[in-house]
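A quick write-up on the structure given underneath.
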Amino acid sequence: MLQAIGLSKSYNGVRALDSLDLLIEPGQIFCLLGANGAGKTTTINLFLNFIEASEGQALVDGMDVAEHPLETKKRLAYIPEQVMLYRNLSGLENVEYFTALAGREDSSRDQLRQLLLQSGLPHEAIEQRVSGYSKGMRQKVGIVIAVAKQAGALLLDEPTSGLDPKASNEFSELLERLRGEGVAVLMATHDLFRAKETGTHIGIMKEGRLVERLAAEEIGHADLERLYLEHMRG
C-alpha cells in the first residue's frame, strides 16, 4: 500500500532523506524511530506530496504521488502531532465536514456518531465544540475521520506526543482496530514503548537514512532501547 523506492530529499545539497526503500503492506504498522532531523517527518511529507522528492518515488497503492496527487490523497489519511480541526464546530460536525470533503457522504449522522463513541470519545462531547477538547479527544476525532474516509493508508507524525498514558493506550487500541481492517500505517514517533507495543515493524532513522529495520515481535523493550541508543551514539 505504501512504498518508497530510492526516495531522497535534499535541501541546499544536504540530504534530509537518503535513498529510502520501504514497503508497508495492508494490515502493517511501521513505526519510524529517530531523533529530530532524522528524516521521519520528511518521509511522511513526501508520501503526502507536500514536498517534491529530489530522487526516487513515493507510491500509494502503486501510484506515484507526484504523478497522481489527487488520487493518492484520497487513499491517505494524515494525523499530525496537533490535529487541525474547526474549533467552533463540534466533533461530529468536523467528521461530517471532512468526510464530505473527501467525497464520502454515504455515512449517516448516526453512523458517524457511533464511530465517535467507538473511538472512546465521551458521549457528551460529541456535540460539543472542539475548542473544549483535550489533545487526546482531538486525536480520536482525527482517527474517526480516517475511518469514515475509508482511507487505505494512515500517516501519523508523533500522534501520542503529549498524551497521558490512558489516552496513549486508547490511541494504540484504535490503531490496532484499523490494522485489523487492513489499513497500512506509517507512524513517526519518539516513543520506543509505544512503537514496540503498537507496531508490527520498527525502523530506526539517523541523518536521513534507515539504519535498522526489524519485526516488532522479534525484539524486547530493553533490547530495542539498547539498539536505538547504540545507533544514536554511533
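Scheme for the C-alpha cells: letters A, B, ... for chains in order shown; per-chain residue numbers from 1; ligand numbers from 1 in order shown.
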
>> Based on the backbone DSSP call, show me all residues of segment 128-199 of chain A assigned strand (DSSP E), as a list in words.
In response: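 Taking segment 128-199 of chain A and keeping strand (DSSP E) only, one gets Ala153, Leu154, Leu155, Leu156, Asp157, Ala184, Val185, Leu186, Met187, Ala188 and Thr189 of chain A.
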
Suppose we keep N, CA, C and O atoms; can you now write the selection as an mmCIF file, in the first residue's frame?
```
data_model
loop_
_atom_site.group_PDB
_atom_site.id
_atom_site.type_symbol
_atom_site.label_atom_id
_atom_site.label_comp_id
_atom_site.auth_asym_id
_atom_site.auth_seq_id
_atom_site.Cartn_x
_atom_site.Cartn_y
_atom_site.Cartn_z
ATOM 1 N N ALA A 153 -4.539 3.897 3.813
ATOM 2 C CA ALA A 153 -3.255 4.117 4.489
ATOM 3 C C ALA A 153 -3.375 5.306 5.426
ATOM 4 O O ALA A 153 -4.060 6.287 5.130
ATOM 5 N N LEU A 154 -2.682 5.211 6.546
ATOM 6 C CA LEU A 154 -2.726 6.244 7.581
ATOM 7 C C LEU A 154 -1.309 6.687 7.895
ATOM 8 O O LEU A 154 -0.429 5.865 8.160
ATOM 9 N N LEU A 155 -1.071 7.996 7.839
ATOM 10 C CA LEU A 155 0.229 8.584 8.143
ATOM 11 C C LEU A 155 0.127 9.371 9.431
ATOM 12 O O LEU A 155 -0.725 10.250 9.560
ATOM 13 N N LEU A 156 0.998 9.050 10.389
ATOM 14 C CA LEU A 156 0.943 9.648 11.719
ATOM 15 C C LEU A 156 2.291 10.258 12.071
ATOM 16 O O LEU A 156 3.320 9.594 11.981
ATOM 17 N N ASP A 157 2.282 11.513 12.494
ATOM 18 C CA ASP A 157 3.525 12.189 12.876
ATOM 19 C C ASP A 157 3.456 12.553 14.361
ATOM 20 O O ASP A 157 2.758 13.490 14.745
ATOM 21 N N ALA A 184 -2.881 0.217 6.132
ATOM 22 C CA ALA A 184 -1.427 0.316 6.256
ATOM 23 C C ALA A 184 -1.088 1.594 7.005
ATOM 24 O O ALA A 184 -1.595 2.664 6.665
ATOM 25 N N VAL A 185 -0.237 1.481 8.039
ATOM 26 C CA VAL A 185 0.042 2.630 8.901
ATOM 27 C C VAL A 185 1.545 2.910 8.925
ATOM 28 O O VAL A 185 2.360 2.005 9.150
ATOM 29 N N LEU A 186 1.904 4.171 8.700
ATOM 30 C CA LEU A 186 3.272 4.643 8.889
ATOM 31 C C LEU A 186 3.243 5.687 9.998
ATOM 32 O O LEU A 186 2.577 6.713 9.862
ATOM 33 N N MET A 187 3.965 5.408 11.089
ATOM 34 C CA MET A 187 3.937 6.304 12.247
ATOM 35 C C MET A 187 5.340 6.733 12.629
ATOM 36 O O MET A 187 6.210 5.902 12.898
ATOM 37 N N ALA A 188 5.562 8.032 12.628
ATOM 38 C CA ALA A 188 6.820 8.596 13.125
ATOM 39 C C ALA A 188 6.643 8.895 14.602
ATOM 40 O O ALA A 188 5.659 9.524 15.003
ATOM 41 N N THR A 189 7.587 8.448 15.417
ATOM 42 C CA THR A 189 7.419 8.616 16.861
ATOM 43 C C THR A 189 8.766 8.634 17.569
ATOM 44 O O THR A 189 9.771 8.125 17.056
#
```

>> List the spatial neighbours of Glu52 of chain A as number ranges by chain - criterion: any atom at most 10 Å away, only C-alpha atoms, same-chain residues fewer than 6 positions off excluded.
In response: A: 8-10, 45-46, 58, 65-66

Output C-alpha atoms of each residue in that selection to a file, as a PDB file, in the first residue's frame.
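Writing the result to part_23.pdb gives the following:
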```pdb
ATOM      1  CA  SER A   8      15.550  11.069  -1.358  1.00  0.00           C
ATOM      2  CA  LYS A   9      15.170  14.726  -0.464  1.00  0.00           C
ATOM      3  CA  SER A  10      17.929  17.328  -0.418  1.00  0.00           C
ATOM      4  CA  ASN A  45       5.629  14.783   3.811  1.00  0.00           C
ATOM      5  CA  LEU A  46       6.922  13.065   0.667  1.00  0.00           C
ATOM      6  CA  ALA A  58       6.760   7.547  -3.139  1.00  0.00           C
ATOM      7  CA  VAL A  65       2.212  10.616  -5.555  1.00  0.00           C
ATOM      8  CA  ALA A  66       3.879  13.175  -7.839  1.00  0.00           C
TER       9      ALA A  66
END
```

> If we count only C-alpha atoms, what is near Ser131 of chain A at a cut-off of 10 Å, once residues fewer than 4 positions away on the same chain are taken out, given as an NGL selection string?
Replying inline: :A and (85-91 or 138)

>> Using DSSP assignments from the backbone, pull out every residue in segment 126-159 of chain A that falls under alpha helix (DSSP H) and give it to me as a list in words.
In response: Lys135, Gly136, Met137, Arg138, Gln139, Lys140, Val141, Gly142, Ile143, Val144, Ile145, Ala146, Val147, Ala148 and Lys149 of chain A

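Going from atom CA of Asp21 of chain A over to atom CA of Gln3 of chain A, you cover 7.4 Å.
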
> Do you know which residues are at most 8 Å from Lys40 of chain A counting only C-alpha atoms, after dropping those on the same chain fewer than 4 positions away, and could you put them as JSON, numbers by chain?
Replying inline: {"A": [32, 33, 34, 44, 188, 205, 208]}

>> Rounded to one decimal, what separation in Å do you get between atom CA of Leu224 of chain A and atom CA of Leu210 of chain A?
In response: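 Taking atom CA of Leu224 of chain A as the start and atom CA of Leu210 of chain A as the end point, the length is 15.2 Å.
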
>> Using only C-alpha atoms, which protein or nucleic acid residues come within 8 Å of segment 93-107 of chain A? Drop anything in the same chain fewer than 4 positions from it, and give the result as a PyMOL selection string.
In response: chain A and resi 74+85-86+89+111-112+127+141+144-145+148-149

> What is the atom CA of Pro69 of chain A-atom CA of Asn49 of chain A distance in Å, reported with one decimal?
Replying inline: 6.8 Å

> Can you tell me, as a list in words, what residues are no more than 7 Å from Ala4 of chain A when counting only C-alpha atoms, ignoring any on the same chain fewer than 5 positions away?
Replying inline: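 That gives Leu20, Asp21, Leu22, Leu23, Gln57, Ala58 and Leu59 of chain A.
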
Write out, as a PDB file, in the first residue's frame, the residues just selected, with C-alpha atoms.
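File part.pdb, as written:
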```pdb
ATOM      1  CA  LEU A  20      14.856   5.196   1.396  1.00  0.00           C
ATOM      2  CA  ASP A  21      13.462   1.824   0.339  1.00  0.00           C
ATOM      3  CA  LEU A  22      10.360   0.868   2.281  1.00  0.00           C
ATOM      4  CA  LEU A  23       7.260  -1.272   1.809  1.00  0.00           C
ATOM      5  CA  GLN A  57       9.433   7.582  -5.838  1.00  0.00           C
ATOM      6  CA  ALA A  58       6.760   7.547  -3.139  1.00  0.00           C
ATOM      7  CA  LEU A  59       3.948   5.190  -4.125  1.00  0.00           C
TER       8      LEU A  59
END
```

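Of the residues listed (A:Leu229, A:Ala146, A:Met137, A:Val130), A:Met137 shows the shortest atom-to-atom separation from Lys166 of chain A; distances use only C-alpha atoms.
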